[in-house]
Amino acid sequence: MDRSGFYWNGVAVFPEPPPDGVYPNMSEPVTPATINFYAETLVANVKQRAAWFRTPHVLWPWGCDKQFFNASVQFANMDPLLDHINSHSAELGVLVQYATLGEYFRTLHTLNVTWSVRDHHDFLPYSSEPLQAWTGFYTSRSVLKGMARQASALLYAGESMFTRYLWPVPQGTLDPAWALQQLQQLRWAVSEVQHHDAVTGTESPKVSDMYMEHLATGMLGVHKLMASIVLEGLGPSVGKQHKAPAANSGTKPAGYFASVYNPLTWTVTTIVTLTVTFPRVSITDELGHPVPAQIQSSAKHPFAYDLLVLTTISGLSYQYYSIRPIIEAQEGTQEPAAAMANTLQFGHRPRRRSNQGGRRLVPVMNDCYTVLFDQDTNLMFSIQERQSNRTVRVAQEFLEYHVNGDVKQGPISDNYLFAPNETAEPTWDTVRMEIVVGKLATEIRQYFYRNATAQAYTYAIYSRLAHVPQGPHGELLCHRIEQEYQVGPLELNREAILRTSSDLNSQQVLYSDNNGYQMQQRPFQAFRNNTIARNYYPMVQSAFIEDGRSRLVLLSERAHGVSSQGNGQVEVMLHRRLWNNLAWDLNYNLTLNDTSIVHPVLWLLLGPKTLTTALRPRSGLALQHRPVVLLRELASPEPPGQGTSSEPPGLRQQVAVTLPPNLHLQILSVPGWSYNTNHTEHMRHLRQGHQGKAQADLHRVLLRLHHLYEAGEDPVLSQPVTVNLKAVLQGLGSVVAVEERSLTGTWDVHTLQRWSWKTKPGHTRGRPMSPSRPRGGSTITVHPKEIRTFFIHFRQQ
């Protein structure tokens, strides 16, 4: 009998438990015959761990994955075991008690111990054994990682749009209960994929499919909600004109009506890409004015076209566009047409065995960068950053790590582990390139073929450089090279990477984030075993390398593994397909035989440290929270503006919500739940069984602000920011009360008292505790990296 793990309810097998309810691997229960053995085993382990602690109080976490799925069985065995140990504490030398983390740290605080400080370093990467580095999970199930992030961004946009719809007064007949139901469904789905197996991609295919189904259903509901809000905001005349044809009418749509919503609280200038089926197109705004646009052949759809639209949108606001095909009979009219891009073709170029080339270079430039591509290789050659006037050699290519799938042959890779056999190998023999040149943007399409005779490409890079002036709002768009990749399907036991090599003297020091908030320095370390895998780190949103003059930043819209295996190099693991015969993986279906094709996105920034420091946090949010586009077919052939009011309808009359550039509106939401704002009283009611039914509270708005910069990071943007919430939120209505809450909104912040811990001298500490904050004041100050949460109450109309 296995009693070492203290399992008494077996291993949960979801979602199909055995019919008889008896699970395998049941441990022997605690009885008078077994209790001494269990007690001695537990006490021995506690004493072993005690050597790791500075105080006599040992935190002993009890349980592992799925262990408490039948908690009553667990506690029925734990209770007598703890009682037995405590009744023999004199001879065993240990007292045990159940405790929350809060109780444990409260006990430590009362000891008044002086602690050393670990600064901001984390514990990554995990290595359970010399040849088992847990660095594969950073990338496992890339499709789910991307979908989870997209769902989170859509939820963020839907929350603020619904809040704007309700305040200052609802502008239509939308049922708030139905709206909250759509938002709650996506909240639950997004919360579900915060499970540790969903975050890491270490779940079975069946569970992964469940996660994705829940996300898709939730996203569909929020899309419906946002579309309903937009249609109600258009007013009856516009809504009538843009009524979609019946499904069986046989009438072709006369075009599309697009509403573009900016979920950020800054004015955003960006290019929105739509897919249309007609090559000649007219696009106008709600007043009938022509809009800068570009039409080009689609990179992904052979019989469609990409319509690029330049848009500038204020914070939490909309832009509306009519998109109509221009038929041949109309081509002589004055109707404005989107500019047609020209495509330059560059045939297949073989992979060179030496680092030659650079004699025939093709420039692609805008106001911020000049990017050179080598015609002899069809690869990127260099990037010149205009502000510093520095040219950096930059090349990109796809490679694959080959991994072992037989446990008898050595270490294996799986959902968790990354164990490459050797250095990565190039995955291609030839590259074909197209350069699509237009007025708004130039797009470079590189297609990588495994061999010279292959008909289909396995990898592709779609790079875009926007031709817009820097300006006050176009700075972010100008200073990025947008890249989307196509990867897969992979061959078995391959791990695909994009390697970006430069002549930056980075000394193999990489910076990456593991939580989306803080950058960690990751110097390359030489190990006796598994050096490649043990130098991989998570990139949640950002990574960069730098030398004394320039910094090369990568921003990502989903989580990846990232590493710097050579000086001036940064490689991103984009996809994994693995199969092995490890019993654990086979039993739990964790072999990751992922045959999908993934389309991850990275944005590249290059420039001096001062420039990229200022741009990186805002650019990362611009990538994460891109404008939401809602399309509706047009049935009416009349030109836009005919038969409609010249006044902007409904939602367009709302005042923009704008914050300073170093503040991010992390949430603006009508939570839809109601409980006593006194959390202690609320918990007391729950313990007494007076939970009651949750009532939607539509008169309270949850607002959370986040300072984007660390102290000392930027001379201007790292300063504390003072804002008047009444002024910032005047577009929503008249603020009558501001109630500051704890981070989650659970506690009244004035009832909390931050503990002060004694630390050894010589360590850098964060800013002192915030001074006392007056209740109800609408003028607030947010310090570097601080997050503050509020309930906002508006005057009802």
# chains A, B, ... in the order shown; residues from 1 in each chain; ligands from 1

$ residues_around --residues "Asn493 of chain A" --least-positions-apart "2" --cutoff "9 Å" --atoms "only C-alpha atoms" --output "list of chain:residue names"
A:Tyr401, A:His402, A:Val403, A:Asn404, A:Gly405, A:Ser413, A:Leu490, A:Glu491, A:Glu495, A:Arg576, A:Arg577, A:Leu578, A:Trp579, A:Asn580, A:Asn593

$ write_last_selection --atoms "all heavy atoms" --output "tab-separated table (two decimals), in the first residue's frame"
chain	number	residue	atom	x	y	z
A	401	TYR	N	13.98	22.21	-33.04
A	401	TYR	CA	14.69	21.28	-32.15
A	401	TYR	C	14.10	19.89	-32.36
A	401	TYR	O	12.88	19.72	-32.35
A	401	TYR	CB	14.54	21.69	-30.69
A	401	TYR	CG	15.35	22.91	-30.31
A	401	TYR	CD1	14.74	24.16	-30.13
A	401	TYR	CD2	16.72	22.82	-30.12
A	401	TYR	CE1	15.48	25.28	-29.77
A	401	TYR	CE2	17.47	23.94	-29.76
A	401	TYR	CZ	16.85	25.15	-29.59
A	401	TYR	OH	17.58	26.26	-29.24
A	402	HIS	N	14.97	18.90	-32.56
A	402	HIS	CA	14.54	17.52	-32.64
A	402	HIS	C	14.64	16.91	-31.24
A	402	HIS	O	15.66	17.08	-30.56
A	402	HIS	CB	15.42	16.74	-33.61
A	402	HIS	CG	15.28	17.19	-35.03
A	402	HIS	ND1	15.67	16.43	-36.11
A	402	HIS	CD2	14.78	18.34	-35.56
A	402	HIS	CE1	15.42	17.09	-37.23
A	402	HIS	NE2	14.89	18.25	-36.92
A	403	VAL	N	13.59	16.23	-30.83
A	403	VAL	CA	13.56	15.69	-29.48
A	403	VAL	C	13.28	14.20	-29.53
A	403	VAL	O	12.73	13.66	-30.49
A	403	VAL	CB	12.51	16.41	-28.60
A	403	VAL	CG1	12.87	17.87	-28.45
A	403	VAL	CG2	11.12	16.28	-29.19
A	404	ASN	N	13.67	13.54	-28.47
A	404	ASN	CA	13.54	12.10	-28.35
A	404	ASN	C	12.14	11.73	-27.86
A	404	ASN	O	11.58	12.41	-27.00
A	404	ASN	CB	14.61	11.59	-27.36
A	404	ASN	CG	14.40	10.14	-26.97
A	404	ASN	OD1	14.15	9.31	-27.83
A	404	ASN	ND2	14.49	9.86	-25.68
A	405	GLY	N	11.57	10.65	-28.39
A	405	GLY	CA	10.26	10.21	-27.96
A	405	GLY	C	10.25	8.87	-27.25
A	405	GLY	O	9.20	8.37	-26.89
A	413	SER	N	10.84	15.11	-24.31
A	413	SER	CA	10.02	16.32	-24.16
A	413	SER	C	8.56	15.91	-24.05
A	413	SER	O	8.13	14.94	-24.68
A	413	SER	CB	10.20	17.24	-25.37
A	413	SER	OG	11.40	17.96	-25.32
A	490	LEU	N	3.56	20.59	-37.83
A	490	LEU	CA	4.92	20.13	-37.62
A	490	LEU	C	5.02	18.62	-37.80
A	490	LEU	O	4.03	17.89	-37.67
A	490	LEU	CB	5.38	20.48	-36.20
A	490	LEU	CG	5.40	21.96	-35.81
A	490	LEU	CD1	5.89	22.10	-34.37
A	490	LEU	CD2	6.26	22.78	-36.75
A	491	GLU	N	6.22	18.16	-38.08
A	491	GLU	CA	6.49	16.74	-38.03
A	491	GLU	C	6.58	16.31	-36.56
A	491	GLU	O	6.75	17.14	-35.66
A	491	GLU	CB	7.79	16.42	-38.77
A	491	GLU	CG	7.72	16.73	-40.26
A	491	GLU	CD	9.03	16.46	-40.97
A	491	GLU	OE1	10.02	16.12	-40.28
A	491	GLU	OE2	9.08	16.60	-42.20
A	495	GLU	N	10.11	20.86	-32.22
A	495	GLU	CA	9.76	22.08	-31.50
A	495	GLU	C	10.27	23.25	-32.32
A	495	GLU	O	11.46	23.40	-32.55
A	495	GLU	CB	10.37	22.06	-30.09
A	495	GLU	CG	10.17	20.71	-29.41
A	495	GLU	CD	10.09	20.79	-27.91
A	495	GLU	OE1	9.70	21.84	-27.39
A	495	GLU	OE2	10.43	19.79	-27.25
A	576	ARG	N	4.88	23.29	-30.75
A	576	ARG	CA	5.45	22.02	-30.33
A	576	ARG	C	4.53	20.89	-30.78
A	576	ARG	O	3.30	21.00	-30.68
A	576	ARG	CB	5.61	21.93	-28.81
A	576	ARG	CG	6.17	23.17	-28.15
A	576	ARG	CD	6.22	23.01	-26.64
A	576	ARG	NE	7.32	22.17	-26.22
A	576	ARG	CZ	7.29	21.35	-25.17
A	576	ARG	NH1	6.18	21.23	-24.45
A	576	ARG	NH2	8.35	20.62	-24.84
A	577	ARG	N	5.12	19.80	-31.28
A	577	ARG	CA	4.36	18.58	-31.55
A	577	ARG	C	5.20	17.40	-31.06
A	577	ARG	O	6.30	17.15	-31.57
A	577	ARG	CB	4.06	18.44	-33.04
A	577	ARG	CG	3.21	17.19	-33.32
A	577	ARG	CD	2.98	16.96	-34.79
A	577	ARG	NE	2.24	15.70	-34.99
A	577	ARG	CZ	2.08	15.12	-36.18
A	577	ARG	NH1	2.59	15.69	-37.27
A	577	ARG	NH2	1.41	13.99	-36.28
A	578	LEU	N	4.66	16.67	-30.07
A	578	LEU	CA	5.47	15.67	-29.37
A	578	LEU	C	4.67	14.38	-29.15
A	578	LEU	O	3.44	14.40	-28.98
A	578	LEU	CB	5.90	16.21	-28.01
A	578	LEU	CG	6.57	17.59	-28.00
A	578	LEU	CD1	6.66	18.13	-26.59
A	578	LEU	CD2	7.95	17.52	-28.63
A	579	TRP	N	5.38	13.27	-29.16
A	579	TRP	CA	4.81	12.00	-28.73
A	579	TRP	C	5.91	11.18	-28.09
A	579	TRP	O	7.03	11.14	-28.59
A	579	TRP	CB	4.22	11.22	-29.90
A	579	TRP	CG	3.41	10.04	-29.42
A	579	TRP	CD1	2.08	10.02	-29.18
A	579	TRP	CD2	3.90	8.73	-29.13
A	579	TRP	NE1	1.69	8.78	-28.74
A	579	TRP	CE2	2.81	7.97	-28.69
A	579	TRP	CE3	5.16	8.13	-29.15
A	579	TRP	CZ2	2.91	6.64	-28.30
A	579	TRP	CZ3	5.27	6.81	-28.78
A	579	TRP	CH2	4.16	6.07	-28.36
A	580	ASN	N	5.60	10.55	-26.96
A	580	ASN	CA	6.59	9.71	-26.29
A	580	ASN	C	5.88	8.55	-25.60
A	580	ASN	O	4.65	8.53	-25.51
A	580	ASN	CB	7.42	10.53	-25.28
A	580	ASN	CG	6.57	11.03	-24.13
A	580	ASN	OD1	6.25	10.29	-23.22
A	580	ASN	ND2	6.18	12.30	-24.17
A	593	ASN	N	0.47	15.56	-29.12
A	593	ASN	CA	0.54	15.31	-30.57
A	593	ASN	C	-0.31	16.37	-31.27
A	593	ASN	O	-1.39	16.09	-31.79
A	593	ASN	CB	0.05	13.90	-30.87
A	593	ASN	CG	0.31	13.50	-32.32
A	593	ASN	OD1	0.99	14.21	-33.05
A	593	ASN	ND2	-0.26	12.38	-32.72

$ select_by_dssp --residues "segment 286-394 of chain A" --states "strand (DSSP E or B)" --output "PyMOL selection string"
chain A and resi 290+293-297+305-313+318-325+339-340+342-350+361-365+369-374+379-385+390-394

$ atom_distance --atom1 "atom CA of Arg280 of chain A" --atom2 "atom CA of Arg432 of chain A"
27.4 Å

$ closest_residue --among "A:Gln409, A:Ser501, A:Ser512, A:Thr163" --to "Leu180 of chain A" --atoms "only C-alpha atoms"
A:Thr163

$ closest_residue --among "A:Tyr517, A:Phe37, A:Tyr588, A:Trp757" --to "Pro617 of chain A" --atoms "only C-alpha atoms"
A:Tyr517

$ residues_around --residues "His793 of chain A" --least-positions-apart "4" --cutoff "6 Å" --atoms "only C-alpha atoms" --output "list in words"
Arg700, Val735, Val736 and Ala737 of chain A

$ write_last_selection --atoms "all heavy atoms" --output "PDB file, in the first residue's frame"
ATOM      1  N   ARG A 700     -23.282  50.676  -9.613  1.00  0.00           N
ATOM      2  CA  ARG A 700     -21.919  50.745  -9.080  1.00  0.00           C
ATOM      3  C   ARG A 700     -20.968  50.252 -10.170  1.00  0.00           C
ATOM      4  O   ARG A 700     -21.161  49.190 -10.751  1.00  0.00           O
ATOM      5  CB  ARG A 700     -21.803  49.886  -7.827  1.00  0.00           C
ATOM      6  CG  ARG A 700     -20.427  49.914  -7.191  1.00  0.00           C
ATOM      7  CD  ARG A 700     -20.426  49.119  -5.903  1.00  0.00           C
ATOM      8  NE  ARG A 700     -20.765  47.719  -6.129  1.00  0.00           N
ATOM      9  CZ  ARG A 700     -21.030  46.850  -5.168  1.00  0.00           C
ATOM     10  NH1 ARG A 700     -21.019  47.246  -3.920  1.00  0.00           N
ATOM     11  NH2 ARG A 700     -21.295  45.595  -5.438  1.00  0.00           N
ATOM     12  N   VAL A 735     -20.045  61.962 -11.362  1.00  0.00           N
ATOM     13  CA  VAL A 735     -19.588  61.125 -10.256  1.00  0.00           C
ATOM     14  C   VAL A 735     -20.008  61.759  -8.941  1.00  0.00           C
ATOM     15  O   VAL A 735     -19.703  62.927  -8.676  1.00  0.00           O
ATOM     16  CB  VAL A 735     -18.064  60.949 -10.309  1.00  0.00           C
ATOM     17  CG1 VAL A 735     -17.563  60.174  -9.090  1.00  0.00           C
ATOM     18  CG2 VAL A 735     -17.650  60.242 -11.600  1.00  0.00           C
ATOM     19  N   VAL A 736     -20.694  60.982  -8.102  1.00  0.00           N
ATOM     20  CA  VAL A 736     -21.127  61.496  -6.806  1.00  0.00           C
ATOM     21  C   VAL A 736     -20.344  60.884  -5.657  1.00  0.00           C
ATOM     22  O   VAL A 736     -20.309  61.443  -4.561  1.00  0.00           O
ATOM     23  CB  VAL A 736     -22.635  61.268  -6.588  1.00  0.00           C
ATOM     24  CG1 VAL A 736     -23.438  62.060  -7.605  1.00  0.00           C
ATOM     25  CG2 VAL A 736     -22.979  59.787  -6.679  1.00  0.00           C
ATOM     26  N   ALA A 737     -19.707  59.727  -5.878  1.00  0.00           N
ATOM     27  CA  ALA A 737     -18.950  59.100  -4.789  1.00  0.00           C
ATOM     28  C   ALA A 737     -17.865  58.213  -5.377  1.00  0.00           C
ATOM     29  O   ALA A 737     -18.077  57.534  -6.385  1.00  0.00           O
ATOM     30  CB  ALA A 737     -19.868  58.290  -3.878  1.00  0.00           C
TER      31      ALA A 737
END

$ closest_atom_pairs --of "segment 336-428 of chain A" --to "segment 532-545 of chain A" --cutoff "10 Å" --atoms "only C-alpha atoms" --output "JSON lines"
{"residue": "A:Leu417", "atom": "CA", "partner": "A:Ala533", "partner_atom": "CA", "distance": 8.6}
{"residue": "A:Phe418", "atom": "CA", "partner": "A:Ala533", "partner_atom": "CA", "distance": 5.8}
{"residue": "A:Ala419", "atom": "CA", "partner": "A:Ala533", "partner_atom": "CA", "distance": 6.2}
{"residue": "A:Pro420", "atom": "CA", "partner": "A:Ala533", "partner_atom": "CA", "distance": 7.1}
{"residue": "A:Asn421", "atom": "CA", "partner": "A:Ile532", "partner_atom": "CA", "distance": 9.6}
{"residue": "A:Glu422", "atom": "CA", "partner": "A:Ile532", "partner_atom": "CA", "distance": 8.4}
{"residue": "A:Thr423", "atom": "CA", "partner": "A:Ile532", "partner_atom": "CA", "distance": 7.7}
{"residue": "A:Ala424", "atom": "CA", "partner": "A:Ile532", "partner_atom": "CA", "distance": 9.6}

$ residues_around --residues "segment 67-79 of chain A" --least-positions-apart "3" --cutoff "9 Å" --atoms "only C-alpha atoms" --output "list in words"
Phe6, Tyr7, Trp8, Asn9, Gly10, Val11, Ala12, Pro29, Val30, Thr31, Gly63, Cys64, Leu82, Asp83 and His84 of chain A

$ write_last_selection --atoms "N, CA and C atoms" --output "PDB file, in the first residue's frame"
ATOM      1  N   PHE A   6      -0.023  10.355   1.337  1.00  0.00           N
ATOM      2  CA  PHE A   6      -1.198  10.746   2.111  1.00  0.00           C
ATOM      3  C   PHE A   6      -2.414  10.936   1.206  1.00  0.00           C
ATOM      4  N   TYR A   7      -2.609  10.019   0.278  1.00  0.00           N
ATOM      5  CA  TYR A   7      -3.794  10.009  -0.569  1.00  0.00           C
ATOM      6  C   TYR A   7      -4.798   9.044   0.032  1.00  0.00           C
ATOM      7  N   TRP A   8      -6.028   9.520   0.205  1.00  0.00           N
ATOM      8  CA  TRP A   8      -7.073   8.618   0.670  1.00  0.00           C
ATOM      9  C   TRP A   8      -8.295   8.642  -0.224  1.00  0.00           C
ATOM     10  N   ASN A   9      -8.256   9.430  -1.272  1.00  0.00           N
ATOM     11  CA  ASN A   9      -9.394   9.452  -2.192  1.00  0.00           C
ATOM     12  C   ASN A   9      -8.955   9.145  -3.611  1.00  0.00           C
ATOM     13  N   GLY A  10      -7.769   8.567  -3.775  1.00  0.00           N
ATOM     14  CA  GLY A  10      -7.306   8.177  -5.096  1.00  0.00           C
ATOM     15  C   GLY A  10      -6.963   9.372  -5.961  1.00  0.00           C
ATOM     16  N   VAL A  11      -6.777   9.109  -7.216  1.00  0.00           N
ATOM     17  CA  VAL A  11      -6.479  10.138  -8.191  1.00  0.00           C
ATOM     18  C   VAL A  11      -7.736  10.404  -8.994  1.00  0.00           C
ATOM     19  N   ALA A  12      -8.188  11.637  -9.001  1.00  0.00           N
ATOM     20  CA  ALA A  12      -9.422  11.967  -9.709  1.00  0.00           C
ATOM     21  C   ALA A  12      -9.260  11.729 -11.193  1.00  0.00           C
ATOM     22  N   PRO A  29      -6.471   3.620   4.611  1.00  0.00           N
ATOM     23  CA  PRO A  29      -7.015   4.670   5.481  1.00  0.00           C
ATOM     24  C   PRO A  29      -6.312   4.706   6.836  1.00  0.00           C
ATOM     25  N   VAL A  30      -6.530   5.809   7.545  1.00  0.00           N
ATOM     26  CA  VAL A  30      -5.974   5.958   8.887  1.00  0.00           C
ATOM     27  C   VAL A  30      -6.829   5.138   9.851  1.00  0.00           C
ATOM     28  N   THR A  31      -6.192   4.173  10.447  1.00  0.00           N
ATOM     29  CA  THR A  31      -6.837   3.298  11.433  1.00  0.00           C
ATOM     30  C   THR A  31      -5.880   3.154  12.606  1.00  0.00           C
ATOM     31  N   GLY A  63      -1.514  18.197  -0.067  1.00  0.00           N
ATOM     32  CA  GLY A  63      -2.319  17.877  -1.224  1.00  0.00           C
ATOM     33  C   GLY A  63      -1.621  18.200  -2.526  1.00  0.00           C
ATOM     34  N   CYS A  64      -2.118  17.617  -3.579  1.00  0.00           N
ATOM     35  CA  CYS A  64      -1.565  17.831  -4.907  1.00  0.00           C
ATOM     36  C   CYS A  64      -2.731  17.869  -5.890  1.00  0.00           C
ATOM     37  N   LEU A  82      -3.930  14.318  12.667  1.00  0.00           N
ATOM     38  CA  LEU A  82      -3.446  15.525  13.348  1.00  0.00           C
ATOM     39  C   LEU A  82      -3.698  15.427  14.851  1.00  0.00           C
ATOM     40  N   ASP A  83      -4.854  14.898  15.221  1.00  0.00           N
ATOM     41  CA  ASP A  83      -5.137  14.742  16.663  1.00  0.00           C
ATOM     42  C   ASP A  83      -4.114  13.813  17.310  1.00  0.00           C
ATOM     43  N   HIS A  84      -3.759  12.744  16.619  1.00  0.00           N
ATOM     44  CA  HIS A  84      -2.789  11.797  17.170  1.00  0.00           C
ATOM     45  C   HIS A  84      -1.422  12.460  17.360  1.00  0.00           C
TER      46      HIS A  84
END

$ select_by_dssp --residues "segment 239-441 of chain A" --states "helix (DSSP H, G or I)" --output "JSON, numbers by chain"
{"A": [239, 240, 241, 328, 329, 330, 407, 408, 409]}

$ write_last_selection --atoms "N, CA, C and O atoms" --output "short mmCIF file (atom, residue, chain, number, x, y, z; two decimals), in the first residue's frame"
data_model
loop_
_atom_site.label_atom_id
_atom_site.label_comp_id
_atom_site.auth_asym_id
_atom_site.auth_seq_id
_atom_site.Cartn_x
_atom_site.Cartn_y
_atom_site.Cartn_z
N GLY A 239 -30.31 52.36 -38.50
CA GLY A 239 -30.54 50.93 -38.34
C GLY A 239 -31.42 50.37 -39.45
O GLY A 239 -31.19 49.27 -39.94
N LYS A 240 -32.41 51.16 -39.88
CA LYS A 240 -33.28 50.68 -40.94
C LYS A 240 -32.52 50.58 -42.26
O LYS A 240 -32.66 49.62 -43.01
N GLN A 241 -31.72 51.60 -42.54
CA GLN A 241 -30.99 51.58 -43.81
C GLN A 241 -30.02 50.42 -43.89
O GLN A 241 -29.80 49.84 -44.96
N GLU A 328 -17.93 47.92 -62.11
CA GLU A 328 -17.28 48.47 -63.30
C GLU A 328 -18.03 49.69 -63.84
O GLU A 328 -17.43 50.66 -64.29
N ALA A 329 -19.35 49.67 -63.78
CA ALA A 329 -20.13 50.79 -64.33
C ALA A 329 -19.91 52.07 -63.54
O ALA A 329 -20.18 53.16 -64.02
N GLN A 330 -19.41 51.94 -62.29
CA GLN A 330 -19.22 53.12 -61.45
C GLN A 330 -17.79 53.63 -61.47
O GLN A 330 -17.50 54.63 -60.85
N VAL A 407 11.62 6.79 -23.98
CA VAL A 407 12.24 6.95 -22.67
C VAL A 407 13.45 6.04 -22.51
O VAL A 407 14.32 6.30 -21.67
N LYS A 408 13.52 4.97 -23.31
CA LYS A 408 14.69 4.10 -23.22
C LYS A 408 15.92 4.69 -23.89
O LYS A 408 17.03 4.21 -23.68
N GLN A 409 15.70 5.73 -24.70
CA GLN A 409 16.80 6.34 -25.43
C GLN A 409 17.32 7.61 -24.76
O GLN A 409 18.29 8.20 -25.24
#

$ residues_around --residues "Val728 of chain A" --least-positions-apart "4" --cutoff "10 Å" --atoms "only C-alpha atoms" --output "list of chain:residue names"
A:Thr265, A:Val655, A:Ala656, A:Val657, A:Thr658, A:Leu659, A:Pro660, A:Val723, A:Asn724, A:Leu732, A:Val735, A:Ser778

$ write_last_selection --atoms "all heavy atoms" --output "compact mmCIF listing (two decimals), in the first residue's frame"
# COMPACT_ATOMS: atom_id res chain seq x y z
N THR A 265 -7.84 53.73 -23.12
CA THR A 265 -8.20 55.10 -22.73
C THR A 265 -7.18 56.11 -23.23
O THR A 265 -6.87 57.09 -22.55
CB THR A 265 -8.33 55.19 -21.20
OG1 THR A 265 -7.17 54.62 -20.59
CG2 THR A 265 -9.57 54.49 -20.71
N VAL A 655 -18.60 61.58 -24.67
CA VAL A 655 -17.28 62.18 -24.51
C VAL A 655 -16.26 61.07 -24.30
O VAL A 655 -16.50 60.10 -23.59
CB VAL A 655 -17.28 63.14 -23.30
CG1 VAL A 655 -15.90 63.76 -23.11
CG2 VAL A 655 -18.34 64.22 -23.50
N ALA A 656 -15.11 61.22 -24.93
CA ALA A 656 -14.05 60.21 -24.79
C ALA A 656 -13.55 60.14 -23.36
O ALA A 656 -13.58 61.12 -22.61
CB ALA A 656 -12.89 60.53 -25.73
N VAL A 657 -13.11 58.96 -22.96
CA VAL A 657 -12.47 58.76 -21.66
C VAL A 657 -10.97 58.68 -21.92
O VAL A 657 -10.50 57.76 -22.61
CB VAL A 657 -12.98 57.48 -20.98
CG1 VAL A 657 -12.23 57.24 -19.67
CG2 VAL A 657 -14.48 57.58 -20.73
N THR A 658 -10.22 59.63 -21.38
CA THR A 658 -8.80 59.73 -21.69
C THR A 658 -7.99 59.79 -20.41
O THR A 658 -8.30 60.57 -19.51
CB THR A 658 -8.51 60.98 -22.54
OG1 THR A 658 -9.32 60.95 -23.71
CG2 THR A 658 -7.05 61.03 -22.95
N LEU A 659 -6.96 58.96 -20.34
CA LEU A 659 -6.04 58.96 -19.21
C LEU A 659 -4.66 59.39 -19.67
O LEU A 659 -4.34 59.31 -20.86
CB LEU A 659 -5.95 57.55 -18.59
CG LEU A 659 -7.15 57.07 -17.78
CD1 LEU A 659 -6.99 55.61 -17.40
CD2 LEU A 659 -7.34 57.92 -16.52
N PRO A 660 -3.79 59.81 -18.74
CA PRO A 660 -2.40 60.11 -19.10
C PRO A 660 -1.73 58.88 -19.70
O PRO A 660 -2.14 57.74 -19.43
CB PRO A 660 -1.77 60.52 -17.77
CG PRO A 660 -2.91 60.97 -16.93
CD PRO A 660 -4.07 60.12 -17.33
N VAL A 723 -4.79 62.25 -10.99
CA VAL A 723 -5.94 62.45 -11.88
C VAL A 723 -7.18 62.72 -11.05
O VAL A 723 -7.31 62.28 -9.91
CB VAL A 723 -6.19 61.22 -12.78
CG1 VAL A 723 -5.05 61.03 -13.76
CG2 VAL A 723 -6.42 59.96 -11.97
N ASN A 724 -8.09 63.46 -11.64
CA ASN A 724 -9.39 63.72 -11.04
C ASN A 724 -10.39 62.80 -11.72
O ASN A 724 -10.70 62.96 -12.90
CB ASN A 724 -9.79 65.19 -11.23
CG ASN A 724 -11.07 65.54 -10.47
OD1 ASN A 724 -12.01 64.76 -10.44
ND2 ASN A 724 -11.08 66.71 -9.86
N LEU A 732 -19.08 59.51 -18.83
CA LEU A 732 -20.02 58.49 -18.38
C LEU A 732 -21.15 59.10 -17.56
O LEU A 732 -22.23 58.52 -17.46
CB LEU A 732 -19.31 57.43 -17.54
CG LEU A 732 -18.65 56.27 -18.30
CD1 LEU A 732 -17.42 56.75 -19.04
CD2 LEU A 732 -18.27 55.15 -17.34
N VAL A 735 -20.04 61.96 -11.36
CA VAL A 735 -19.59 61.12 -10.26
C VAL A 735 -20.01 61.76 -8.94
O VAL A 735 -19.70 62.93 -8.68
CB VAL A 735 -18.06 60.95 -10.31
CG1 VAL A 735 -17.56 60.17 -9.09
CG2 VAL A 735 -17.65 60.24 -11.60
N SER A 778 -12.20 62.43 -5.10
CA SER A 778 -12.14 62.02 -6.50
C SER A 778 -10.77 62.28 -7.12
O SER A 778 -10.50 61.81 -8.22
CB SER A 778 -13.21 62.74 -7.32
OG SER A 778 -12.98 64.15 -7.32

$ residues_around --residues "segment 214-224 of chain A" --least-positions-apart "2" --cutoff "6 Å" --atoms "only C-alpha atoms" --output "PyMOL selection string"
chain A and resi 182+185-186+189+211-212+226-227

$ residues_around --residues "Pro472 of chain A" --least-positions-apart "4" --cutoff "12 Å" --atoms "only C-alpha atoms" --output "NGL selection string"
:A and (266-269 or 312 or 468 or 476-478 or 661)

$ atom_distance --atom1 "atom CA of Ile229 of chain A" --atom2 "atom CA of Ser191 of chain A"
24.5 Å

$ closest_residue --among "A:Thr343, A:Ser550, A:Ser208, A:Thr531" --to "Ile383 of chain A" --atoms "only C-alpha atoms"
A:Ser550

$ closest_residue --among "A:Thr377, A:Ser556, A:Thr270, A:Thr427" --to "Ala466 of chain A" --atoms "only C-alpha atoms"
A:Thr270

$ closest_atom_pairs --of "segment 17-131 of chain A" --to "segment 137-158 of chain A" --cutoff "12 Å" --atoms "only C-alpha atoms" --output "CSV"
residue,atom,partner,partner_atom,distance
A:Leu124,CA,A:Tyr138,CA,11.2
A:Pro125,CA,A:Tyr138,CA,10.3
A:Tyr126,CA,A:Phe137,CA,10.8
